$ cat start-v2.cif   # mmCIF, C-alpha atoms
data_structure
#
loop_
_atom_site.group_PDB
_atom_site.id
_atom_site.type_symbol
_atom_site.label_atom_id
_atom_site.label_comp_id
_atom_site.auth_asym_id
_atom_site.auth_seq_id
_atom_site.Cartn_x
_atom_site.Cartn_y
_atom_site.Cartn_z
ATOM 1 C CA MET W 1 48.454 135.088 32.465
ATOM 2 C CA ALA W 2 45.720 134.715 29.909
ATOM 3 C CA THR W 3 43.036 134.964 32.587
ATOM 4 C CA ARG W 4 44.292 138.294 33.802
ATOM 5 C CA ASP W 5 44.364 139.608 30.233
ATOM 6 C CA ASN W 6 40.821 138.387 29.805
ATOM 7 C CA ILE W 7 39.671 140.169 32.905
ATOM 8 C CA ALA W 8 41.436 143.375 31.886
ATOM 9 C CA HIS W 9 39.891 143.125 28.444
ATOM 10 C CA ASN W 10 36.399 142.562 29.861
ATOM 11 C CA VAL W 11 36.739 145.453 32.277
ATOM 12 C CA LYS W 12 37.837 147.716 29.429
ATOM 13 C CA ASP W 13 34.901 146.569 27.289
ATOM 14 C CA THR W 14 32.448 147.105 30.119
ATOM 15 C CA LEU W 15 33.755 150.584 30.835
ATOM 16 C CA GLU W 16 33.622 151.534 27.177
ATOM 17 C CA SER W 17 30.067 150.334 26.740
ATOM 18 C CA LEU W 18 29.110 151.957 30.030
ATOM 19 C CA ALA W 19 30.502 155.274 28.838
ATOM 20 C CA GLU W 20 28.757 154.909 25.507
ATOM 21 C CA GLY W 21 25.441 153.959 27.110
ATOM 22 C CA TRP W 22 25.720 156.838 29.532
ATOM 23 C CA GLN W 23 26.415 159.288 26.688
ATOM 24 C CA GLU W 24 23.361 158.046 24.848
ATOM 25 C CA LEU W 25 21.144 158.300 27.911
ATOM 26 C CA TRP W 26 22.550 161.719 28.781
ATOM 27 C CA SER W 27 22.091 163.175 25.318
ATOM 28 C CA LYS W 28 18.487 161.986 25.290
ATOM 29 C CA ALA W 29 17.456 162.841 28.812
ATOM 30 C CA ARG W 30 19.566 165.728 30.090
ATOM 31 C CA ASN W 31 17.064 168.411 29.135
ATOM 32 C CA SER W 32 14.273 166.581 30.866
ATOM 33 C CA ILE W 33 16.007 166.392 34.236
ATOM 34 C CA THR W 34 14.179 169.005 36.216
ATOM 35 C CA HIS W 35 14.697 170.426 39.649
ATOM 36 C CA PHE W 36 11.689 170.196 41.959
ATOM 37 C CA THR W 37 11.715 172.754 44.750
ATOM 38 C CA PRO W 38 9.894 171.459 47.813
ATOM 39 C CA SER W 39 7.987 174.115 49.699
ATOM 40 C CA ASN W 40 8.226 174.292 53.486
ATOM 41 C CA ASP W 41 4.509 174.267 54.092
ATOM 42 C CA ASP W 42 3.906 171.125 52.072
ATOM 43 C CA GLY W 43 5.037 168.650 54.700
ATOM 44 C CA ALA W 44 7.761 167.058 52.582
ATOM 45 C CA PRO W 45 10.846 165.899 54.454
ATOM 46 C CA THR W 46 13.697 168.134 53.333
ATOM 47 C CA GLN W 47 16.101 165.305 52.618
ATOM 48 C CA ARG W 48 14.092 163.763 49.852
ATOM 49 C CA SER W 49 15.169 163.741 46.244
ATOM 50 C CA ALA W 50 14.285 166.927 44.434
ATOM 51 C CA TRP W 51 15.207 165.906 40.918
ATOM 52 C CA GLY W 52 12.592 164.551 38.614
ATOM 53 C CA VAL W 53 12.282 163.734 34.959
ATOM 54 C CA LEU W 54 9.791 165.655 32.843
ATOM 55 C CA SER W 55 10.258 164.137 29.435
ATOM 56 C CA ALA W 56 9.023 166.202 26.547
ATOM 57 C CA GLU W 57 8.330 165.621 22.904
ATOM 58 C CA MET W 58 7.781 168.116 20.155
ATOM 59 C CA GLN W 59 5.992 167.380 16.954
ATOM 60 C CA GLU W 60 5.541 169.748 14.069
ATOM 61 C CA THR W 61 2.612 169.503 11.728
ATOM 62 C CA ALA W 62 1.724 171.732 8.783
ATOM 63 C CA THR W 63 -0.265 174.075 10.984
ATOM 64 C CA ALA W 64 0.936 173.595 14.542
ATOM 65 C CA VAL W 65 3.726 172.767 16.941
ATOM 66 C CA VAL W 66 2.600 170.165 19.454
ATOM 67 C CA VAL W 67 4.511 169.721 22.693
ATOM 68 C CA SER W 68 3.749 166.847 25.022
ATOM 69 C CA ILE W 69 5.294 166.525 28.421
ATOM 70 C CA GLU W 70 5.094 163.727 30.981
ATOM 71 C CA ALA W 71 3.946 165.158 34.289
ATOM 72 C CA PRO W 72 1.992 162.523 36.220
ATOM 73 C CA GLY W 73 0.043 163.148 39.394
ATOM 74 C CA MET W 74 -1.086 166.688 38.640
ATOM 75 C CA GLU W 75 -4.452 168.358 38.180
ATOM 76 C CA SER W 76 -5.093 170.456 35.066
ATOM 77 C CA SER W 77 -5.335 173.532 37.301
ATOM 78 C CA ASP W 78 -1.839 172.919 38.740
ATOM 79 C CA PHE W 79 -0.175 173.903 35.458
ATOM 80 C CA ASN W 80 0.879 177.338 34.364
ATOM 81 C CA ILE W 81 1.673 177.578 30.655
ATOM 82 C CA ARG W 82 2.851 180.664 28.794
ATOM 83 C CA VAL W 83 4.593 181.562 25.568
ATOM 84 C CA GLU W 84 7.093 184.402 25.342
ATOM 85 C CA GLY W 85 8.726 184.933 21.994
ATOM 86 C CA ASN W 86 10.044 181.552 20.942
ATOM 87 C CA ALA W 87 10.015 180.043 24.406
ATOM 88 C CA LEU W 88 7.332 177.899 25.964
ATOM 89 C CA TYR W 89 7.317 177.975 29.769
ATOM 90 C CA ILE W 90 5.587 175.212 31.675
ATOM 91 C CA SER W 91 5.513 175.390 35.429
ATOM 92 C CA GLY W 92 3.556 173.662 38.123
ATOM 93 C CA LYS W 93 3.636 172.102 41.505
ATOM 94 C CA ARG W 94 3.262 168.488 42.438
ATOM 95 C CA SER W 95 1.890 168.555 45.926
ATOM 96 C CA TYR W 96 3.359 166.245 48.520
ATOM 97 C CA ALA W 97 0.630 166.830 51.073
ATOM 98 C CA LYS W 98 -2.192 165.960 48.673
ATOM 99 C CA GLN W 99 -0.748 162.604 47.746
ATOM 100 C CA ARG W 100 1.009 161.238 50.751
ATOM 101 C CA ASP W 101 -0.046 160.319 54.213
ATOM 102 C CA GLN W 102 1.288 158.656 57.315
ATOM 103 C CA GLY W 103 3.277 155.467 57.111
ATOM 104 C CA GLN W 104 6.767 154.201 56.648
ATOM 105 C CA TYR W 105 8.211 154.751 53.185
ATOM 106 C CA HIS W 106 10.491 151.982 51.921
ATOM 107 C CA ILE W 107 11.185 153.467 48.507
ATOM 108 C CA THR W 108 10.764 157.113 47.510
ATOM 109 C CA GLU W 109 11.743 157.747 43.923
ATOM 110 C CA ARG W 110 9.041 160.218 42.944
ATOM 111 C CA ALA W 111 9.812 163.929 43.135
ATOM 112 C CA TYR W 112 7.523 166.580 44.605
ATOM 113 C CA GLY W 113 7.503 170.349 44.625
ATOM 114 C CA SER W 114 7.497 173.228 42.177
ATOM 115 C CA PHE W 115 9.092 172.855 38.786
ATOM 116 C CA GLN W 116 9.589 174.764 35.592
ATOM 117 C CA ARG W 117 10.638 173.671 32.134
ATOM 118 C CA THR W 118 11.418 175.908 29.218
ATOM 119 C CA ILE W 119 11.228 174.589 25.694
ATOM 120 C CA SER W 120 12.368 176.622 22.739
ATOM 121 C CA LEU W 121 9.962 176.591 19.844
ATOM 122 C CA PRO W 122 11.190 176.180 16.288
ATOM 123 C CA ARG W 123 8.605 178.603 14.792
ATOM 124 C CA ASP W 124 6.601 181.664 15.659
ATOM 125 C CA VAL W 125 3.307 180.549 17.094
ATOM 126 C CA ASP W 126 -0.012 182.209 17.666
ATOM 127 C CA ASP W 127 -0.313 181.708 21.400
ATOM 128 C CA SER W 128 -3.781 183.246 21.561
ATOM 129 C CA LYS W 129 -5.099 180.146 19.778
ATOM 130 C CA SER W 130 -3.113 177.607 21.760
ATOM 131 C CA THR W 131 -4.862 174.774 23.503
ATOM 132 C CA ALA W 132 -3.795 172.257 26.128
ATOM 133 C CA LYS W 133 -5.150 168.982 27.405
ATOM 134 C CA TYR W 134 -4.082 166.660 30.186
ATOM 135 C CA LYS W 135 -4.624 162.935 29.862
ATOM 136 C CA HIS W 136 -3.079 159.943 31.629
ATOM 137 C CA GLY W 137 -0.457 162.213 33.179
ATOM 138 C CA VAL W 138 0.714 163.680 29.872
ATOM 139 C CA LEU W 139 0.207 167.370 29.156
ATOM 140 C CA GLU W 140 -0.233 168.126 25.472
ATOM 141 C CA ILE W 141 0.022 171.711 24.272
ATOM 142 C CA SER W 142 -0.948 172.569 20.736
ATOM 143 C CA LEU W 143 0.430 175.854 19.420
ATOM 144 C CA PRO W 144 -0.821 176.927 15.983
ATOM 145 C CA LYS W 145 1.899 178.364 13.788
ATOM 146 C CA SER W 146 1.612 182.011 12.895
ATOM 147 C CA VAL W 147 -0.530 182.235 9.777
ATOM 148 C CA SER W 148 2.273 183.670 7.644
ATOM 149 C CA LEU W 149 4.323 180.515 8.297
ATOM 150 C CA GLN W 150 1.678 178.013 7.347
ATOM 151 C CA PRO W 151 1.996 176.463 3.930
ATOM 152 C CA ARG W 152 -0.413 178.148 1.565
ATOM 153 C CA ARG W 153 -2.162 176.422 -1.241
ATOM 154 C CA ILE W 154 -2.210 178.587 -4.301
ATOM 155 C CA ALA W 155 -5.101 178.070 -6.593
ATOM 156 C CA ILE W 156 -4.511 178.241 -10.304
ATOM 157 C CA GLU W 157 -6.967 180.475 -11.987
ATOM 158 C CA THR W 158 -8.615 179.061 -15.003
ATOM 159 C CA GLY W 159 -8.803 181.364 -17.971
ATOM 160 C CA MET B 160 21.076 147.065 22.837
ATOM 161 C CA THR B 161 24.399 145.750 24.172
ATOM 162 C CA THR B 162 25.195 149.030 25.918
ATOM 163 C CA PHE B 163 21.843 148.897 27.623
ATOM 164 C CA HIS B 164 22.501 145.344 28.749
ATOM 165 C CA ALA B 165 25.927 146.255 30.047
ATOM 166 C CA LEU B 166 24.320 149.016 32.082
ATOM 167 C CA THR B 167 21.577 146.803 33.443
ATOM 168 C CA ASP B 168 24.090 144.066 34.248
ATOM 169 C CA LEU B 169 26.166 146.566 36.161
ATOM 170 C CA HIS B 170 23.062 147.867 37.860
ATOM 171 C CA ARG B 171 22.129 144.339 38.868
ATOM 172 C CA GLU B 172 25.598 143.640 40.232
ATOM 173 C CA LEU B 173 25.575 146.832 42.248
ATOM 174 C CA GLY B 174 22.087 145.971 43.436
ATOM 175 C CA ARG B 175 23.379 142.670 44.749
ATOM 176 C CA VAL B 176 26.241 144.372 46.556
ATOM 177 C CA PHE B 177 24.007 147.019 48.111
ATOM 178 C CA ASP B 178 21.047 144.767 48.634
ATOM 179 C CA ASP B 179 19.588 146.544 51.613
ATOM 180 C CA ARG B 180 16.137 147.029 50.162
ATOM 181 C CA PRO B 181 14.182 143.808 50.538
ATOM 182 C CA LEU B 182 11.227 145.106 48.544
ATOM 183 C CA TYR B 183 13.251 145.890 45.512
ATOM 184 C CA ARG B 184 13.688 143.124 43.021
ATOM 185 C CA GLN B 185 15.602 143.209 39.788
ATOM 186 C CA THR B 186 15.556 140.019 37.778
ATOM 187 C CA PRO B 187 16.927 139.157 34.344
ATOM 188 C CA GLU B 188 13.327 139.168 33.119
ATOM 189 C CA THR B 189 12.624 142.721 34.259
ATOM 190 C CA ALA B 190 15.963 143.999 32.975
ATOM 191 C CA GLU B 191 15.511 142.596 29.494
ATOM 192 C CA THR B 192 11.892 143.403 28.853
ATOM 193 C CA SER B 193 11.838 146.932 30.265
ATOM 194 C CA SER B 194 12.617 149.778 27.939
ATOM 195 C CA TRP B 195 11.883 152.289 30.679
ATOM 196 C CA THR B 196 11.294 152.203 34.424
ATOM 197 C CA PRO B 197 8.487 153.963 36.243
ATOM 198 C CA GLN B 198 9.433 155.770 39.451
ATOM 199 C CA VAL B 199 7.703 154.435 42.531
ATOM 200 C CA ASP B 200 7.048 155.177 46.174
ATOM 201 C CA ILE B 201 6.332 152.256 48.488
ATOM 202 C CA LYS B 202 4.594 152.883 51.749
ATOM 203 C CA GLU B 203 3.854 150.577 54.646
ATOM 204 C CA ASP B 204 1.337 151.294 57.349
ATOM 205 C CA GLU B 205 -0.876 149.322 59.721
ATOM 206 C CA SER B 206 -3.306 148.266 57.034
ATOM 207 C CA GLY B 207 -0.700 147.100 54.540
ATOM 208 C CA PHE B 208 1.441 148.228 51.628
ATOM 209 C CA THR B 209 0.815 150.855 48.965
ATOM 210 C CA VAL B 210 2.806 151.021 45.743
ATOM 211 C CA ILE B 211 2.481 154.343 43.907
ATOM 212 C CA ALA B 212 3.965 154.386 40.411
ATOM 213 C CA ASP B 213 4.328 157.206 37.891
ATOM 214 C CA VAL B 214 3.168 155.805 34.557
ATOM 215 C CA PRO B 215 2.498 158.875 32.392
ATOM 216 C CA GLY B 216 1.104 158.169 28.955
ATOM 217 C CA VAL B 217 0.051 154.644 29.817
ATOM 218 C CA ASP B 218 -3.588 153.749 29.361
ATOM 219 C CA PRO B 219 -4.758 152.064 32.605
ATOM 220 C CA ALA B 220 -6.276 149.343 30.404
ATOM 221 C CA ASP B 221 -2.742 148.438 29.269
ATOM 222 C CA VAL B 222 -1.435 147.820 32.784
ATOM 223 C CA ASP B 223 -1.229 144.298 34.122
ATOM 224 C CA ILE B 224 -0.707 143.676 37.834
ATOM 225 C CA THR B 225 -0.072 140.250 39.328
ATOM 226 C CA LEU B 226 0.796 139.016 42.781
ATOM 227 C CA ASP B 227 2.278 135.562 42.814
ATOM 228 C CA ASN B 228 4.155 134.014 45.727
ATOM 229 C CA ASN B 229 4.510 137.450 47.301
ATOM 230 C CA VAL B 230 6.103 138.907 44.183
ATOM 231 C CA LEU B 231 4.163 141.890 42.939
ATOM 232 C CA THR B 232 4.659 142.465 39.219
ATOM 233 C CA ILE B 233 3.499 145.594 37.443
ATOM 234 C CA ARG B 234 3.843 145.530 33.696
ATOM 235 C CA GLY B 235 2.479 147.613 30.900
ATOM 236 C CA GLU B 236 3.142 149.344 27.677
ATOM 237 C CA ARG B 237 3.283 152.846 26.355
ATOM 238 C CA GLU B 238 2.157 153.540 22.820
ATOM 239 C CA SER B 239 5.054 153.762 20.394
ATOM 240 C CA GLU B 240 3.977 156.370 17.851
ATOM 241 C CA THR B 241 6.986 158.570 17.080
ATOM 242 C CA ASN B 242 6.425 160.131 13.689
ATOM 243 C CA GLY B 243 7.784 163.548 12.811
ATOM 244 C CA LEU B 244 9.281 164.367 16.174
ATOM 245 C CA ARG B 245 11.642 167.299 16.548
ATOM 246 C CA ARG B 246 12.472 166.552 20.136
ATOM 247 C CA ARG B 247 12.401 163.108 21.591
ATOM 248 C CA GLU B 248 12.977 162.485 25.277
ATOM 249 C CA ARG B 249 10.210 160.092 26.119
ATOM 250 C CA PHE B 250 10.889 156.390 26.415
ATOM 251 C CA ARG B 251 8.415 154.121 24.679
ATOM 252 C CA GLY B 252 7.509 150.496 24.825
ATOM 253 C CA SER B 253 7.002 148.088 27.665
ATOM 254 C CA PHE B 254 7.978 148.243 31.310
ATOM 255 C CA VAL B 255 8.121 145.721 34.128
ATOM 256 C CA ARG B 256 8.788 146.288 37.796
ATOM 257 C CA GLN B 257 8.748 143.679 40.505
ATOM 258 C CA PHE B 258 8.740 143.899 44.261
ATOM 259 C CA THR B 259 8.965 141.184 46.852
ATOM 260 C CA LEU B 260 6.452 141.646 49.620
ATOM 261 C CA PRO B 261 6.538 140.043 53.036
ATOM 262 C CA GLU B 262 4.554 136.839 53.468
ATOM 263 C CA SER B 263 2.052 138.572 55.686
ATOM 264 C CA VAL B 264 0.008 140.116 52.867
ATOM 265 C CA ASP B 265 -3.472 139.147 51.797
ATOM 266 C CA GLU B 266 -3.123 138.250 48.130
ATOM 267 C CA SER B 267 -6.858 138.256 47.532
ATOM 268 C CA GLY B 268 -7.309 141.815 48.767
ATOM 269 C CA VAL B 269 -5.136 143.646 46.223
ATOM 270 C CA LYS B 270 -6.736 146.725 44.709
ATOM 271 C CA ALA B 271 -5.459 149.066 42.010
ATOM 272 C CA SER B 272 -6.531 152.417 40.660
ATOM 273 C CA ALA B 273 -5.091 154.956 38.236
ATOM 274 C CA THR B 274 -5.520 158.735 38.076
ATOM 275 C CA ASN B 275 -3.634 161.270 35.964
ATOM 276 C CA GLY B 276 -0.849 158.861 35.090
ATOM 277 C CA VAL B 277 -0.317 157.653 38.655
ATOM 278 C CA LEU B 278 -0.986 154.031 39.477
ATOM 279 C CA GLN B 279 -1.813 153.092 43.044
ATOM 280 C CA VAL B 280 -1.783 149.480 44.210
ATOM 281 C CA THR B 281 -2.853 148.646 47.738
ATOM 282 C CA ILE B 282 -2.016 145.297 49.264
ATOM 283 C CA PRO B 283 -3.625 144.674 52.641
ATOM 284 C CA ARG B 284 -1.997 142.756 55.436
ATOM 285 C CA SER B 285 -3.550 139.403 56.175
ATOM 286 C CA GLU B 286 -5.787 139.396 59.222
ATOM 287 C CA LYS B 287 -3.424 137.375 61.391
ATOM 288 C CA ALA B 288 -0.527 139.725 60.594
ATOM 289 C CA LYS B 289 -2.276 142.886 61.723
ATOM 290 C CA PRO B 290 -0.903 144.269 64.945
ATOM 291 C CA LEU B 291 -2.988 143.112 67.860
ATOM 292 C CA SER B 292 -3.576 145.345 70.758
ATOM 293 C CA ILE B 293 -4.277 143.444 73.917
ATOM 294 C CA THR B 294 -6.125 145.159 76.643
ATOM 295 C CA VAL B 295 -5.117 144.250 80.145
ATOM 296 C CA GLU B 296 -8.243 143.663 82.077
ATOM 297 C CA GLY B 297 -8.541 144.982 85.549
ATOM 298 C CA GLU B 298 -9.848 142.901 88.377
#
$ encode --input "start-v2.cif" --output "structure tokens"
Amino acid sequence: MATRDNIAHNVKDTLESLAEGWQELWSKARNSITHFTPSNDDGAPTQRSAWGVLSAEMQETATAVVVSIEAPGMESSDFNIRVEGNALYISGKRSYAKQRDQGQYHITERAYGSFQRTISLPRDVDDSKSTAKYKHGVLEISLPKSVSLQPRRIAIETG
Amino acid sequence: MTTFHALTDLHRELGRVFDDRPLYRQTPETAETSSWTPQVDIKEDESGFTVIADVPGVDPADVDITLDNNVLTIRGERESETNGLRRRERFRGSFVRQFTLPESVDESGVKASATNGVLQVTIPRSEKAKPLSITVEGE
């Protein structure tokens, strides 16, 4: 039957594009999938989802490596940022108790708890001169490259 | 974009099969215009409904919220500057999410605020829908 062939063909197509789409999504997002550990004293029901997405971006300029990471619903003081060797560690805690109160929840997609993300840096950076800012739920960390790695302009002496 | 559409079509089909969440609404419009989806919590209490959405990197001025025939629509856009990136995990562009609310809400009382990339929309119940407590009078 032609119809059955059609159906089989469509199913095969759908599965192939599903696999392809999933691969694409996975390759883009797998590093950003972060485990959130709920703490017992925070009032969060234990059964709730503890996986969240902390999407990061890294941009390299002539003088700095800039990392931005999406972490909504935090306060600047909730972050702990440190550099060790070529690794940037960002940890924090999104408090359940601070943001939620009594009521019946119909949808709960947002993750709460402690998290940590490690991002490997492509260059040596001077972490003593690093700065961070937090705006609209995005944390942006600017790490100046070590001076020896910055492009140097060499002046030509005139005779 | 065809892979994305195949995924959203599948998602929609599954949503229809497991349609046990009356507040959740996926329409062809939302599927085709969203390049990413904010995560939300939806809470109901005596005073009404609260929708809390994670919208990191979105300027509150770029968010548009409408309530029409009990359908709450949140749409917005994230800036799309992506030059010189070594690592790229963030999704850019526009988003739309829609939720169907019960008829008992007060459309004129909707309020929204945004702090640190979290959008909070409160929709009060209409006066007549609030739970009444009736005191039994003694003789």
$ residues_around --input "start-v2.cif" --residues "B:Ser285" --least-positions-apart "2" --cutoff "9 Å" --atoms "all atoms listed in the file" --output "VMD selection string"
chain B and resid 206 to 207 262 to 266 268 283 287 to 289
$ write_last_selection --input "start-v2.cif" --atoms "C-alpha atoms" --output "PDB file, keeping the file's coordinate frame"
ATOM      1  CA  SER B 206      -3.306 148.266  57.034  1.00  0.00           C
ATOM      2  CA  GLY B 207      -0.700 147.100  54.540  1.00  0.00           C
ATOM      3  CA  GLU B 262       4.554 136.839  53.468  1.00  0.00           C
ATOM      4  CA  SER B 263       2.052 138.572  55.686  1.00  0.00           C
ATOM      5  CA  VAL B 264       0.008 140.116  52.867  1.00  0.00           C
ATOM      6  CA  ASP B 265      -3.472 139.147  51.797  1.00  0.00           C
ATOM      7  CA  GLU B 266      -3.123 138.250  48.130  1.00  0.00           C
ATOM      8  CA  GLY B 268      -7.309 141.815  48.767  1.00  0.00           C
ATOM      9  CA  PRO B 283      -3.625 144.674  52.641  1.00  0.00           C
ATOM     10  CA  LYS B 287      -3.424 137.375  61.391  1.00  0.00           C
ATOM     11  CA  ALA B 288      -0.527 139.725  60.594  1.00  0.00           C
ATOM     12  CA  LYS B 289      -2.276 142.886  61.723  1.00  0.00           C
TER      13      LYS B 289
END
$ resolve_selection --input "start-v2.cif" --expression "the PyMOL selection byres ((chain W and resi 130-139) around 9)" --output "ChimeraX atom specification"
/W:67-76,81,125-129,140-144 /B:213-219,273-277
$ resolve_selection --input "start-v2.cif" --expression "the PyMOL selection byres ((chain B and resi 270) around 10)" --output "short mmCIF file (atom, residue, chain, number, x, y, z; two decimals) with C-alpha atoms, in the frame of the given file"
data_model
loop_
_atom_site.label_atom_id
_atom_site.label_comp_id
_atom_site.auth_asym_id
_atom_site.auth_seq_id
_atom_site.Cartn_x
_atom_site.Cartn_y
_atom_site.Cartn_z
CA THR B 209 0.82 150.85 48.96
CA ILE B 224 -0.71 143.68 37.83
CA GLU B 266 -3.12 138.25 48.13
CA SER B 267 -6.86 138.26 47.53
CA GLY B 268 -7.31 141.82 48.77
CA VAL B 269 -5.14 143.65 46.22
CA ALA B 271 -5.46 149.07 42.01
CA SER B 272 -6.53 152.42 40.66
CA GLN B 279 -1.81 153.09 43.04
CA VAL B 280 -1.78 149.48 44.21
CA THR B 281 -2.85 148.65 47.74
CA ILE B 282 -2.02 145.30 49.26
CA PRO B 283 -3.62 144.67 52.64
#
$ resolve_selection --input "start-v2.cif" --expression "the PyMOL selection byres ((chain W) within 7 of (chain B))" --output "PyMOL selection string"
chain W and resi 14+17-18+20-21+28-29+55-60+70-74+103-110+135-138
$ write_last_selection --input "start-v2.cif" --atoms "C-alpha atoms" --output "PDB file, in the coordinates of the input"
ATOM      1  CA  THR W  14      32.448 147.105  30.119  1.00  0.00           C
ATOM      2  CA  SER W  17      30.067 150.334  26.740  1.00  0.00           C
ATOM      3  CA  LEU W  18      29.110 151.957  30.030  1.00  0.00           C
ATOM      4  CA  GLU W  20      28.757 154.909  25.507  1.00  0.00           C
ATOM      5  CA  GLY W  21      25.441 153.959  27.110  1.00  0.00           C
ATOM      6  CA  LYS W  28      18.487 161.986  25.290  1.00  0.00           C
ATOM      7  CA  ALA W  29      17.456 162.841  28.812  1.00  0.00           C
ATOM      8  CA  SER W  55      10.258 164.137  29.435  1.00  0.00           C
ATOM      9  CA  ALA W  56       9.023 166.202  26.547  1.00  0.00           C
ATOM     10  CA  GLU W  57       8.330 165.621  22.904  1.00  0.00           C
ATOM     11  CA  MET W  58       7.781 168.116  20.155  1.00  0.00           C
ATOM     12  CA  GLN W  59       5.992 167.380  16.954  1.00  0.00           C
ATOM     13  CA  GLU W  60       5.541 169.748  14.069  1.00  0.00           C
ATOM     14  CA  GLU W  70       5.094 163.727  30.981  1.00  0.00           C
ATOM     15  CA  ALA W  71       3.946 165.158  34.289  1.00  0.00           C
ATOM     16  CA  PRO W  72       1.992 162.523  36.220  1.00  0.00           C
ATOM     17  CA  GLY W  73       0.043 163.148  39.394  1.00  0.00           C
ATOM     18  CA  MET W  74      -1.086 166.688  38.640  1.00  0.00           C
ATOM     19  CA  GLY W 103       3.277 155.467  57.111  1.00  0.00           C
ATOM     20  CA  GLN W 104       6.767 154.201  56.648  1.00  0.00           C
ATOM     21  CA  TYR W 105       8.211 154.751  53.185  1.00  0.00           C
ATOM     22  CA  HIS W 106      10.491 151.982  51.921  1.00  0.00           C
ATOM     23  CA  ILE W 107      11.185 153.467  48.507  1.00  0.00           C
ATOM     24  CA  THR W 108      10.764 157.113  47.510  1.00  0.00           C
ATOM     25  CA  GLU W 109      11.743 157.747  43.923  1.00  0.00           C
ATOM     26  CA  ARG W 110       9.041 160.218  42.944  1.00  0.00           C
ATOM     27  CA  LYS W 135      -4.624 162.935  29.862  1.00  0.00           C
ATOM     28  CA  HIS W 136      -3.079 159.943  31.629  1.00  0.00           C
ATOM     29  CA  GLY W 137      -0.457 162.213  33.179  1.00  0.00           C
ATOM     30  CA  VAL W 138       0.714 163.680  29.872  1.00  0.00           C
TER      31      VAL W 138
END
$ atom_distance --input "start-v2.cif" --atom1 "atom CA of W:Thr63" --atom2 "atom CA of W:Gln150"
5.7 Å
$ build_atoms --input "start-v2.cif" --residues "stretch 248-259 of chain B" --atoms "N, CA, C and O atoms" --output "PDB file, in the frame of the given file"
ATOM      1  N   GLU B 248      12.392 162.835  23.975  1.00  0.00           N
ATOM      2  CA  GLU B 248      12.977 162.485  25.277  1.00  0.00           C
ATOM      3  C   GLU B 248      12.227 161.348  25.936  1.00  0.00           C
ATOM      4  O   GLU B 248      12.713 160.752  26.873  1.00  0.00           O
ATOM      5  N   ARG B 249      11.029 161.089  25.439  1.00  0.00           N
ATOM      6  CA  ARG B 249      10.210 160.092  26.119  1.00  0.00           C
ATOM      7  C   ARG B 249      10.608 158.673  25.713  1.00  0.00           C
ATOM      8  O   ARG B 249      10.952 158.425  24.576  1.00  0.00           O
ATOM      9  N   PHE B 250      10.577 157.787  26.683  1.00  0.00           N
ATOM     10  CA  PHE B 250      10.889 156.390  26.415  1.00  0.00           C
ATOM     11  C   PHE B 250       9.589 155.647  26.131  1.00  0.00           C
ATOM     12  O   PHE B 250       8.596 155.831  26.824  1.00  0.00           O
ATOM     13  N   ARG B 251       9.622 154.832  25.113  1.00  0.00           N
ATOM     14  CA  ARG B 251       8.415 154.121  24.679  1.00  0.00           C
ATOM     15  C   ARG B 251       8.561 152.637  24.932  1.00  0.00           C
ATOM     16  O   ARG B 251       9.638 152.140  25.184  1.00  0.00           O
ATOM     17  N   GLY B 252       7.462 151.944  24.763  1.00  0.00           N
ATOM     18  CA  GLY B 252       7.509 150.496  24.825  1.00  0.00           C
ATOM     19  C   GLY B 252       7.069 149.963  26.174  1.00  0.00           C
ATOM     20  O   GLY B 252       6.349 150.629  26.916  1.00  0.00           O
ATOM     21  N   SER B 253       7.528 148.763  26.491  1.00  0.00           N
ATOM     22  CA  SER B 253       7.002 148.088  27.665  1.00  0.00           C
ATOM     23  C   SER B 253       7.850 148.331  28.910  1.00  0.00           C
ATOM     24  O   SER B 253       9.017 148.690  28.809  1.00  0.00           O
ATOM     25  N   PHE B 254       7.244 148.152  30.049  1.00  0.00           N
ATOM     26  CA  PHE B 254       7.978 148.243  31.310  1.00  0.00           C
ATOM     27  C   PHE B 254       7.539 147.108  32.226  1.00  0.00           C
ATOM     28  O   PHE B 254       6.432 146.590  32.107  1.00  0.00           O
ATOM     29  N   VAL B 255       8.435 146.719  33.106  1.00  0.00           N
ATOM     30  CA  VAL B 255       8.121 145.721  34.128  1.00  0.00           C
ATOM     31  C   VAL B 255       8.809 146.152  35.407  1.00  0.00           C
ATOM     32  O   VAL B 255       9.978 146.545  35.379  1.00  0.00           O
ATOM     33  N   ARG B 256       8.109 146.124  36.509  1.00  0.00           N
ATOM     34  CA  ARG B 256       8.788 146.288  37.796  1.00  0.00           C
ATOM     35  C   ARG B 256       8.243 145.241  38.748  1.00  0.00           C
ATOM     36  O   ARG B 256       7.057 144.935  38.740  1.00  0.00           O
ATOM     37  N   GLN B 257       9.161 144.712  39.563  1.00  0.00           N
ATOM     38  CA  GLN B 257       8.748 143.679  40.505  1.00  0.00           C
ATOM     39  C   GLN B 257       9.211 144.029  41.908  1.00  0.00           C
ATOM     40  O   GLN B 257      10.282 144.612  42.092  1.00  0.00           O
ATOM     41  N   PHE B 258       8.412 143.659  42.865  1.00  0.00           N
ATOM     42  CA  PHE B 258       8.740 143.899  44.261  1.00  0.00           C
ATOM     43  C   PHE B 258       8.390 142.660  45.060  1.00  0.00           C
ATOM     44  O   PHE B 258       7.368 142.029  44.819  1.00  0.00           O
ATOM     45  N   THR B 259       9.261 142.327  45.991  1.00  0.00           N
ATOM     46  CA  THR B 259       8.965 141.184  46.852  1.00  0.00           C
ATOM     47  C   THR B 259       8.344 141.700  48.137  1.00  0.00           C
ATOM     48  O   THR B 259       8.933 142.531  48.822  1.00  0.00           O
TER      49      THR B 259
END
